[in-house]
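Peer 1: Following this line is target.txt, made up of compact mmCIF, C-alpha atoms:
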# COMPACT_ATOMS: atom_id res chain seq x y z
CA MET E 1 48.72 44.59 -142.13
CA ALA E 2 51.44 47.00 -143.21
CA ALA E 3 54.95 45.59 -143.38
CA GLY E 4 57.05 46.41 -140.36
CA ARG E 5 54.17 47.04 -137.98
CA ALA E 6 54.78 45.45 -134.59
CA LYS E 7 51.87 43.70 -132.92
CA ILE E 8 52.82 43.75 -129.26
CA SER E 9 49.90 45.39 -127.44
CA ASN E 10 48.43 43.61 -124.41
CA LEU E 11 51.40 41.25 -124.25
CA PRO E 12 54.02 41.20 -121.49
CA ASP E 13 57.30 42.97 -122.20
CA ASP E 14 59.22 39.73 -121.74
CA ALA E 15 57.13 37.76 -124.26
CA PRO E 16 59.37 36.40 -127.05
CA HIS E 17 59.56 38.81 -129.98
CA LEU E 18 59.36 37.18 -133.42
CA LEU E 19 60.23 38.73 -136.79
CA VAL E 20 58.20 37.32 -139.69
CA VAL E 21 59.81 37.89 -143.11
CA ASP E 22 57.52 37.00 -146.03
CA ASP E 23 56.57 38.80 -149.23
CA ASP E 24 53.04 37.36 -149.10
CA ARG E 25 50.78 39.74 -147.19
CA ARG E 26 48.24 37.01 -146.42
CA ILE E 27 50.90 34.81 -144.83
CA ARG E 28 52.18 37.74 -142.76
CA GLU E 29 48.69 38.50 -141.48
CA LEU E 30 47.93 34.85 -140.74
CA LEU E 31 51.16 34.34 -138.82
CA SER E 32 50.80 37.63 -136.95
CA ARG E 33 47.26 36.87 -135.75
CA PHE E 34 47.99 33.27 -134.84
CA LEU E 35 51.33 33.83 -133.10
CA MET E 36 49.99 36.79 -131.12
CA GLY E 37 47.21 34.48 -129.97
CA GLU E 38 49.92 32.08 -128.81
CA GLY E 39 51.44 34.81 -126.62
CA TYR E 40 54.25 36.09 -128.85
CA ARG E 41 55.06 39.65 -129.84
CA VAL E 42 55.23 39.81 -133.63
CA THR E 43 56.78 42.21 -136.13
CA THR E 44 56.30 41.59 -139.84
CA VAL E 45 58.25 42.74 -142.89
CA GLN E 46 58.00 41.85 -146.57
CA SER E 47 61.63 41.67 -147.67
CA ALA E 48 65.13 40.78 -146.56
CA ALA E 49 66.12 44.44 -146.82
CA GLU E 50 63.38 45.47 -144.38
CA ALA E 51 64.33 42.62 -142.06
CA ARG E 52 67.94 43.78 -142.04
CA SER E 53 66.80 47.29 -141.14
CA LYS E 54 64.67 45.98 -138.25
CA LEU E 55 67.53 43.88 -136.93
CA GLU E 56 69.78 46.94 -136.76
CA GLY E 57 67.51 48.59 -134.20
CA LEU E 58 65.68 45.76 -132.45
CA SER E 59 66.51 42.46 -130.81
CA PHE E 60 64.43 39.44 -131.80
CA ASP E 61 64.16 36.00 -130.24
CA LEU E 62 63.46 34.21 -133.51
CA LEU E 63 63.07 34.86 -137.25
CA ILE E 64 60.42 33.12 -139.36
CA LEU E 65 61.96 33.51 -142.78
CA ASP E 66 60.38 32.78 -146.16
CA VAL E 67 62.78 31.33 -148.70
CA MET E 68 61.20 32.38 -152.01
CA MET E 69 61.35 36.18 -151.91
CA PRO E 70 62.23 38.55 -154.76
CA ALA E 71 65.48 40.54 -154.82
CA GLU E 72 67.12 38.58 -152.00
CA THR E 73 65.99 35.08 -151.11
CA GLY E 74 65.67 33.77 -147.61
CA PHE E 75 68.65 31.50 -148.19
CA GLU E 76 70.81 34.46 -149.23
CA PHE E 77 69.65 36.57 -146.31
CA ALA E 78 70.19 33.76 -143.78
CA ARG E 79 73.68 33.07 -145.11
CA LYS E 80 74.70 36.72 -144.67
CA LEU E 81 72.98 37.00 -141.30
CA ARG E 82 74.86 34.00 -139.92
CA THR E 83 78.16 35.85 -140.32
CA SER E 84 77.15 38.30 -137.60
CA SER E 85 74.22 36.84 -135.64
CA ASN E 86 73.12 33.61 -133.98
CA VAL E 87 69.45 34.58 -133.77
CA PRO E 88 67.35 31.40 -134.28
CA ILE E 89 65.85 31.01 -137.77
CA LEU E 90 62.83 28.98 -138.85
CA MET E 91 62.76 28.67 -142.65
CA LEU E 92 59.31 28.80 -144.26
CA THR E 93 58.82 27.87 -147.91
CA ALA E 94 56.63 26.12 -150.45
CA ARG E 95 59.63 24.16 -151.57
CA GLY E 96 59.51 20.88 -149.68
CA GLU E 97 62.28 18.97 -151.38
CA ALA E 98 64.88 17.37 -149.17
CA GLU E 99 67.65 19.26 -150.95
CA SER E 100 66.09 22.60 -150.06
CA ARG E 101 65.69 21.58 -146.41
CA ILE E 102 69.30 20.45 -146.28
CA GLN E 103 70.47 23.71 -147.84
CA GLY E 104 68.61 25.74 -145.23
CA LEU E 105 70.02 23.70 -142.36
CA GLU E 106 73.55 23.91 -143.79
CA ILE E 107 73.26 27.69 -143.91
CA GLY E 108 72.44 27.71 -140.21
CA ALA E 109 68.65 27.59 -139.98
CA ASP E 110 67.33 25.92 -136.83
CA ASP E 111 64.27 24.31 -138.42
CA TYR E 112 62.33 24.14 -141.66
CA VAL E 113 58.56 24.13 -142.33
CA GLY E 114 57.02 23.74 -145.77
CA LYS E 115 53.94 25.55 -147.06
CA PRO E 116 51.09 24.87 -146.66
CA PHE E 117 51.60 24.36 -142.95
CA GLU E 118 49.47 23.65 -139.94
CA PRO E 119 49.62 26.68 -137.64
CA ARG E 120 49.71 24.47 -134.56
CA GLU E 121 52.72 22.57 -135.89
CA LEU E 122 54.47 25.87 -136.60
CA SER E 123 53.74 27.05 -133.05
CA LEU E 124 55.20 23.85 -131.60
CA ARG E 125 58.33 24.23 -133.69
CA VAL E 126 58.70 27.87 -132.63
CA ALA E 127 58.34 26.89 -128.97
CA SER E 128 60.89 24.10 -129.40
CA ILE E 129 63.46 26.43 -130.99
CA LEU E 130 63.00 29.05 -128.30
CA LYS E 131 63.38 26.44 -125.58
CA ARG E 132 66.66 25.20 -127.07
CA ALA E 133 67.94 28.76 -127.51
CA ARG E 134 67.05 29.85 -123.99
CA PRO E 135 70.22 30.23 -121.88
CA ALA E 136 70.49 28.03 -118.84
CA ALA E 137 69.28 29.80 -115.73
CA ALA E 138 72.11 31.02 -113.58
CA PRO E 139 72.09 29.50 -110.09
CA LEU E 140 70.65 31.81 -107.50
CA ALA E 141 73.20 33.48 -105.28
CA GLU E 142 73.20 32.34 -101.66
CA ILE E 143 73.97 35.82 -100.37
CA VAL E 144 73.55 39.36 -101.61
CA ARG E 145 75.85 42.15 -100.42
CA PHE E 146 74.82 45.79 -100.36
CA GLY E 147 76.39 48.60 -98.38
CA GLU E 148 77.51 47.24 -95.01
CA PHE E 149 75.01 44.39 -95.18
CA VAL E 150 74.81 40.77 -96.23
CA PHE E 151 71.43 39.17 -96.87
CA HIS E 152 71.25 35.37 -96.78
CA LEU E 153 68.50 34.41 -99.21
CA ALA E 154 67.85 30.88 -97.98
CA ARG E 155 67.54 31.99 -94.36
CA SER E 156 66.06 35.41 -95.13
CA GLU E 157 68.59 36.76 -92.65
CA LEU E 158 70.14 40.21 -92.76
CA LYS E 159 73.50 40.86 -91.13
CA ARG E 160 75.76 43.85 -90.59
CA GLY E 161 79.12 42.24 -89.92
CA ASP E 162 78.45 39.55 -87.31
CA ASP E 163 75.30 41.22 -86.03
CA VAL E 164 71.85 40.08 -87.14
CA VAL E 165 69.55 42.96 -88.06
CA HIS E 166 66.04 42.38 -86.77
CA LEU E 167 63.39 42.49 -89.51
CA THR E 168 59.65 42.06 -89.32
CA ASP E 169 58.11 39.29 -91.42
CA ARG E 170 56.92 41.82 -93.98
CA GLU E 171 60.30 43.56 -94.19
CA ARG E 172 61.99 40.19 -94.60
CA GLU E 173 59.66 39.17 -97.44
CA MET E 174 60.10 42.47 -99.23
CA LEU E 175 63.87 42.46 -98.89
CA LYS E 176 64.00 38.90 -100.23
CA LEU E 177 62.04 39.92 -103.31
CA LEU E 178 64.37 42.85 -103.90
CA ALA E 179 67.51 40.79 -103.23
CA THR E 180 66.49 37.98 -105.58
CA THR E 181 66.77 40.38 -108.55
CA PRO E 182 69.30 43.00 -107.40
CA GLY E 183 69.42 46.11 -109.53
CA GLU E 184 66.08 45.30 -111.17
CA THR E 185 62.79 47.00 -110.45
CA VAL E 186 60.25 45.14 -108.32
CA THR E 187 56.74 46.55 -108.65
CA ARG E 188 54.71 47.75 -105.69
CA LEU E 189 52.11 45.15 -106.62
CA ALA E 190 54.66 42.35 -106.27
CA LEU E 191 55.92 43.76 -102.98
CA ALA E 192 52.37 44.06 -101.67
CA GLY E 193 51.13 40.55 -102.29
CA GLY E 194 50.88 37.28 -100.40
CA GLY E 195 53.50 35.80 -98.12
CA ASN E 196 53.39 34.91 -94.45
CA GLY E 197 52.25 38.36 -93.45
CA GLY E 198 49.30 38.42 -95.84
CA ALA E 199 48.72 40.84 -98.69
CA ILE E 200 48.89 44.56 -98.02
CA GLY E 201 47.84 47.59 -100.03
CA GLU E 202 50.29 49.12 -102.47
CA ARG E 203 50.33 52.37 -100.50
CA ALA E 204 51.27 50.40 -97.39
CA VAL E 205 54.33 49.16 -99.32
CA ASP E 206 55.77 52.68 -99.18
CA VAL E 207 55.36 52.71 -95.40
CA GLN E 208 57.07 49.34 -95.06
CA VAL E 209 59.91 50.39 -97.36
CA ASN E 210 60.47 53.52 -95.28
CA ARG E 211 60.72 51.38 -92.14
CA LEU E 212 63.20 49.09 -93.87
CA ARG E 213 65.25 52.08 -94.98
CA ARG E 214 65.51 53.32 -91.41
CA LYS E 215 67.29 50.05 -90.60
CA ILE E 216 69.74 49.96 -93.50
CA GLU E 217 70.22 53.44 -94.95
CA ARG E 218 72.70 55.94 -93.55
CA ASP E 219 70.30 58.69 -94.59
CA PRO E 220 66.78 57.26 -95.03
CA ALA E 221 65.61 60.54 -96.55
CA ASN E 222 68.18 60.12 -99.34
CA PRO E 223 68.31 56.36 -99.84
CA LEU E 224 71.16 54.78 -101.76
CA LEU E 225 70.40 51.09 -101.25
CA VAL E 226 66.62 50.76 -101.72
CA GLN E 227 65.86 53.22 -104.49
CA THR E 228 62.46 54.38 -105.67
CA VAL E 229 61.50 53.81 -109.30
CA ARG E 230 58.88 56.50 -109.67
CA GLY E 231 55.40 55.21 -110.44
CA ILE E 232 56.53 51.57 -110.54
CA GLY E 233 58.23 50.27 -107.41
CA TYR E 234 61.68 49.84 -105.88
CA ARG E 235 65.06 48.28 -106.60
CA LEU E 236 67.93 47.14 -104.41
CA MET E 237 71.30 48.55 -105.47
CA VAL E 238 74.33 46.35 -104.87
CA ALA E 239 78.03 46.87 -105.40
CA PRO E 240 79.35 45.56 -108.74
Please go through the file and, once you have read it, give me the structure as structure tokens.
Peer 2:
Amino acid sequence: MAAGRAKISNLPDDAPHLLVVDDDRRIRELLSRFLMGEGYRVTTVQSAAEARSKLEGLSFDLLILDVMMPAETGFEFARKLRTSSNVPILMLTARGEAESRIQGLEIGADDYVGKPFEPRELSLRVASILKRARPAAAPLAEIVRFGEFVFHLARSELKRGDDVVHLTDREREMLKLLATTPGETVTRLALAGGGNGGAIGERAVDVQVNRLRRKIERDPANPLLVQTVRGIGYRLMVAP
């Protein structure tokens, strides 16, 4: 596999993106195939210089970094990287001495695996690092404000001032999905499925959204609150 090629097809956009830095082509190919099979997006490069170039344009969730590379070692690269980035680093090397492991950890590496390694052990260590690095989930808001309205998530209740706005079960379910991730796109497929009212077709979602707009938009023909994301779905716009 050519250095720098990203292997991300058929994986969700939110799958963790790993950067593998190793001058050994066989190791790059092995890690790429295995980690993709574990559900990760993978980009590989063969030198610290190429890794630095990738990091300038892309955001990665974790680096798997070989220590023994020509020109600039993994230790040297990690030391420089730690002055500007906290991206998690898993050091990968044939050197298994305790002193080498300690040096890597002192530089700021999150873990250390010696070659030869068991792929499954590497995968478990990657998962453990990502779990520790994952930010704590922010508590869900109890209410969401948009325009003249307040939507109470727990009660699925929409109010304008002190007045409750009547919603059908389907409208309530759709608005709750939109309000749970305000400003983010919710697909038609997500808006169409399940819930108390049963699944509906994606085309029927447009009809339901239009009915909802008539209840909350000043000009339903030119909606400001529930906006269309062409070809994908809808998003609820809220005041900052």
Peer 1: In Å, how far is it from atom CA of E:Pro88 to atom CA of E:Leu62?
Peer 2: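 Taking atom CA of E:Pro88 and atom CA of E:Leu62, their separation equals 4.9 Å.
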Peer 1: Point out the residue among E:Gly104, E:Gly147, E:Pro182, E:Gly74 with the least atom-to-atom distance to E:Pro223, counting all atoms listed in the file.
Peer 2: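 Residue with the minimum atom-to-atom distance to E:Pro223: E:Gly147.
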Peer 1: Calculate, to one decimal in Å, the centre and edge lengths of the box along x, y and z of the file that holds all listed atoms of stretch 151-169 of chain E with 6 Å of margin on each side, and present them as lines of an AutoDock Vina configuration file.
Peer 2:
center_x = 68.6
center_y = 37.4
center_z = -92.6
size_x = 33.0
size_y = 25.0
size_z = 25.2
Peer 1: My list of candidates is E:Arg203, E:Gly231, E:Leu189, E:Arg120. Which is closest to E:Glu38 when distances are computed with all atoms listed in the file?
Peer 2: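 Nearest candidate to E:Glu38 out of E:Arg203, E:Gly231, E:Leu189, E:Arg120: E:Arg120.
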Peer 1: List as a PyMOL selection string: which residues have an atom within 12 Å of (62.1, 33.3, -145.1), counting only C-alpha atoms?
Peer 2: chain E and resi 19-24+27-28+44-49+51+62-70+72-79+89-95+104+109+111-115
Peer 1: How many Å lie between atom CA of E:Glu29 and atom CA of E:Glu56, rounded to one decimal?
Peer 2: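 For atom CA of E:Glu29 relative to atom CA of E:Glu56, the distance reads 23.2 Å.
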Peer 1: Point out the residue among E:Val42, E:Arg214, E:Arg188, E:Ala154 with the least atom-to-atom distance to E:Thr228, counting all atoms listed in the file.
Peer 2: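 Checking each of E:Val42, E:Arg214, E:Arg188, E:Ala154 against E:Thr228, counting all atoms listed in the file, the winner is E:Arg188.
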Peer 1: Within 8 Å of (62.0, 39.9, -130.0) in the file's own coordinates, which protein, DNA or RNA residues have an atom, counting all atoms listed in the file? List them as a ChimeraX atom specification.
Peer 2: /E:15-19,41-42,58-62
Peer 1: Which is closest to E:Val150 among E:Thr83, E:Thr168, E:Gln227, E:Lys176, if we use only C-alpha atoms?
Peer 2: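 The shortest atom-to-atom distance to E:Val150 comes from E:Lys176.
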Peer 1: Go through E:Leu11, E:Leu175, E:Leu130, E:Leu31 and flag the residue nearest E:Glu118, using all atoms listed in the file for the distances.
Peer 2: E:Leu31
Peer 1: Between E:Tyr234, E:Phe146, E:Phe151, E:Tyr40, which one has atoms that come closest to E:Val126, using only C-alpha atoms?
Peer 2: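 Using only C-alpha atoms, the shortest distance to E:Val126 belongs to E:Tyr40.
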Peer 1: Quick check, in Å to one decimal: how far apart do atom CA of E:His166 and atom CA of E:Gln208 lie?
Peer 2: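 Going from atom CA of E:His166 over to atom CA of E:Gln208, I get 14.1 Å.
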Peer 1: Because the input lacks atoms here, generate N, CA, C and O atoms for stretch 136-162 of chain E and report them as a PDB file, in the frame of the given file.
Peer 2:
ATOM      1  N   ALA E 136      70.726  28.710-120.115  1.00  0.00           N
ATOM      2  CA  ALA E 136      70.490  28.030-118.840  1.00  0.00           C
ATOM      3  C   ALA E 136      70.407  29.062-117.722  1.00  0.00           C
ATOM      4  O   ALA E 136      71.169  30.027-117.678  1.00  0.00           O
ATOM      5  N   ALA E 137      69.452  28.858-116.837  1.00  0.00           N
ATOM      6  CA  ALA E 137      69.280  29.800-115.730  1.00  0.00           C
ATOM      7  C   ALA E 137      70.500  29.763-114.812  1.00  0.00           C
ATOM      8  O   ALA E 137      70.998  28.696-114.458  1.00  0.00           O
ATOM      9  N   ALA E 138      70.974  30.940-114.489  1.00  0.00           N
ATOM     10  CA  ALA E 138      72.110  31.020-113.580  1.00  0.00           C
ATOM     11  C   ALA E 138      71.662  30.618-112.176  1.00  0.00           C
ATOM     12  O   ALA E 138      70.547  30.934-111.752  1.00  0.00           O
ATOM     13  N   PRO E 139      72.476  29.886-111.455  1.00  0.00           N
ATOM     14  CA  PRO E 139      72.090  29.500-110.090  1.00  0.00           C
ATOM     15  C   PRO E 139      71.917  30.732-109.224  1.00  0.00           C
ATOM     16  O   PRO E 139      72.660  31.709-109.349  1.00  0.00           O
ATOM     17  N   LEU E 140      70.899  30.679-108.375  1.00  0.00           N
ATOM     18  CA  LEU E 140      70.650  31.810-107.500  1.00  0.00           C
ATOM     19  C   LEU E 140      71.791  31.978-106.496  1.00  0.00           C
ATOM     20  O   LEU E 140      72.317  30.998-105.966  1.00  0.00           O
ATOM     21  N   ALA E 141      72.158  33.214-106.271  1.00  0.00           N
ATOM     22  CA  ALA E 141      73.200  33.480-105.280  1.00  0.00           C
ATOM     23  C   ALA E 141      72.683  33.125-103.896  1.00  0.00           C
ATOM     24  O   ALA E 141      71.487  33.243-103.600  1.00  0.00           O
ATOM     25  N   GLU E 142      73.591  32.667-103.034  1.00  0.00           N
ATOM     26  CA  GLU E 142      73.200  32.340-101.660  1.00  0.00           C
ATOM     27  C   GLU E 142      73.113  33.595-100.811  1.00  0.00           C
ATOM     28  O   GLU E 142      72.313  33.666 -99.883  1.00  0.00           O
ATOM     29  N   ILE E 143      73.964  34.571-101.130  1.00  0.00           N
ATOM     30  CA  ILE E 143      73.970  35.820-100.370  1.00  0.00           C
ATOM     31  C   ILE E 143      74.009  36.998-101.337  1.00  0.00           C
ATOM     32  O   ILE E 143      74.468  36.874-102.475  1.00  0.00           O
ATOM     33  N   VAL E 144      73.499  38.116-100.858  1.00  0.00           N
ATOM     34  CA  VAL E 144      73.550  39.360-101.610  1.00  0.00           C
ATOM     35  C   VAL E 144      74.150  40.422-100.711  1.00  0.00           C
ATOM     36  O   VAL E 144      73.701  40.608 -99.571  1.00  0.00           O
ATOM     37  N   ARG E 145      75.178  41.103-101.197  1.00  0.00           N
ATOM     38  CA  ARG E 145      75.850  42.150-100.420  1.00  0.00           C
ATOM     39  C   ARG E 145      75.435  43.521-100.924  1.00  0.00           C
ATOM     40  O   ARG E 145      75.407  43.763-102.129  1.00  0.00           O
ATOM     41  N   PHE E 146      75.132  44.407 -99.997  1.00  0.00           N
ATOM     42  CA  PHE E 146      74.820  45.790-100.360  1.00  0.00           C
ATOM     43  C   PHE E 146      75.189  46.667 -99.173  1.00  0.00           C
ATOM     44  O   PHE E 146      74.848  46.373 -98.033  1.00  0.00           O
ATOM     45  N   GLY E 147      75.924  47.726 -99.456  1.00  0.00           N
ATOM     46  CA  GLY E 147      76.390  48.600 -98.380  1.00  0.00           C
ATOM     47  C   GLY E 147      77.198  47.818 -97.365  1.00  0.00           C
ATOM     48  O   GLY E 147      78.100  47.055 -97.711  1.00  0.00           O
ATOM     49  N   GLU E 148      76.844  47.972 -96.096  1.00  0.00           N
ATOM     50  CA  GLU E 148      77.510  47.240 -95.010  1.00  0.00           C
ATOM     51  C   GLU E 148      76.830  45.913 -94.704  1.00  0.00           C
ATOM     52  O   GLU E 148      77.198  45.230 -93.746  1.00  0.00           O
ATOM     53  N   PHE E 149      75.887  45.498 -95.527  1.00  0.00           N
ATOM     54  CA  PHE E 149      75.010  44.390 -95.180  1.00  0.00           C
ATOM     55  C   PHE E 149      75.221  43.173 -96.063  1.00  0.00           C
ATOM     56  O   PHE E 149      75.664  43.271 -97.212  1.00  0.00           O
ATOM     57  N   VAL E 150      74.867  42.038 -95.490  1.00  0.00           N
ATOM     58  CA  VAL E 150      74.810  40.770 -96.230  1.00  0.00           C
ATOM     59  C   VAL E 150      73.451  40.154 -95.946  1.00  0.00           C
ATOM     60  O   VAL E 150      73.055  39.999 -94.781  1.00  0.00           O
ATOM     61  N   PHE E 151      72.731  39.810 -97.022  1.00  0.00           N
ATOM     62  CA  PHE E 151      71.430  39.170 -96.870  1.00  0.00           C
ATOM     63  C   PHE E 151      71.528  37.733 -97.341  1.00  0.00           C
ATOM     64  O   PHE E 151      71.887  37.459 -98.486  1.00  0.00           O
ATOM     65  N   HIS E 152      71.240  36.784 -96.460  1.00  0.00           N
ATOM     66  CA  HIS E 152      71.250  35.370 -96.780  1.00  0.00           C
ATOM     67  C   HIS E 152      69.869  34.984 -97.301  1.00  0.00           C
ATOM     68  O   HIS E 152      68.893  34.970 -96.544  1.00  0.00           O
ATOM     69  N   LEU E 153      69.796  34.645 -98.583  1.00  0.00           N
ATOM     70  CA  LEU E 153      68.500  34.410 -99.210  1.00  0.00           C
ATOM     71  C   LEU E 153      67.789  33.197 -98.622  1.00  0.00           C
ATOM     72  O   LEU E 153      66.587  33.241 -98.364  1.00  0.00           O
ATOM     73  N   ALA E 154      68.505  32.098 -98.454  1.00  0.00           N
ATOM     74  CA  ALA E 154      67.850  30.880 -97.980  1.00  0.00           C
ATOM     75  C   ALA E 154      67.269  31.064 -96.584  1.00  0.00           C
ATOM     76  O   ALA E 154      66.187  30.562 -96.275  1.00  0.00           O
ATOM     77  N   ARG E 155      67.995  31.798 -95.739  1.00  0.00           N
ATOM     78  CA  ARG E 155      67.540  31.990 -94.360  1.00  0.00           C
ATOM     79  C   ARG E 155      66.736  33.277 -94.175  1.00  0.00           C
ATOM     80  O   ARG E 155      66.203  33.518 -93.093  1.00  0.00           O
ATOM     81  N   SER E 156      66.711  34.098 -95.233  1.00  0.00           N
ATOM     82  CA  SER E 156      66.060  35.410 -95.130  1.00  0.00           C
ATOM     83  C   SER E 156      66.612  36.177 -93.938  1.00  0.00           C
ATOM     84  O   SER E 156      65.862  36.781 -93.156  1.00  0.00           O
ATOM     85  N   GLU E 157      67.932  36.159 -93.813  1.00  0.00           N
ATOM     86  CA  GLU E 157      68.590  36.760 -92.650  1.00  0.00           C
ATOM     87  C   GLU E 157      69.503  37.896 -93.102  1.00  0.00           C
ATOM     88  O   GLU E 157      70.329  37.732 -93.993  1.00  0.00           O
ATOM     89  N   LEU E 158      69.333  39.034 -92.447  1.00  0.00           N
ATOM     90  CA  LEU E 158      70.140  40.210 -92.760  1.00  0.00           C
ATOM     91  C   LEU E 158      71.169  40.425 -91.664  1.00  0.00           C
ATOM     92  O   LEU E 158      70.831  40.426 -90.475  1.00  0.00           O
ATOM     93  N   LYS E 159      72.427  40.616 -92.092  1.00  0.00           N
ATOM     94  CA  LYS E 159      73.500  40.860 -91.130  1.00  0.00           C
ATOM     95  C   LYS E 159      74.295  42.105 -91.513  1.00  0.00           C
ATOM     96  O   LYS E 159      74.497  42.403 -92.678  1.00  0.00           O
ATOM     97  N   ARG E 160      74.749  42.811 -90.456  1.00  0.00           N
ATOM     98  CA  ARG E 160      75.760  43.850 -90.590  1.00  0.00           C
ATOM     99  C   ARG E 160      76.971  43.339 -89.820  1.00  0.00           C
ATOM    100  O   ARG E 160      76.974  43.303 -88.611  1.00  0.00           O
ATOM    101  N   GLY E 161      77.992  42.905 -90.571  1.00  0.00           N
ATOM    102  CA  GLY E 161      79.120  42.240 -89.920  1.00  0.00           C
ATOM    103  C   GLY E 161      78.642  40.942 -89.308  1.00  0.00           C
ATOM    104  O   GLY E 161      78.033  40.106 -89.979  1.00  0.00           O
ATOM    105  N   ASP E 162      78.892  40.768 -88.008  1.00  0.00           N
ATOM    106  CA  ASP E 162      78.450  39.550 -87.310  1.00  0.00           C
ATOM    107  C   ASP E 162      77.092  39.722 -86.640  1.00  0.00           C
ATOM    108  O   ASP E 162      76.561  38.774 -86.052  1.00  0.00           O
TER     109      ASP E 162
END
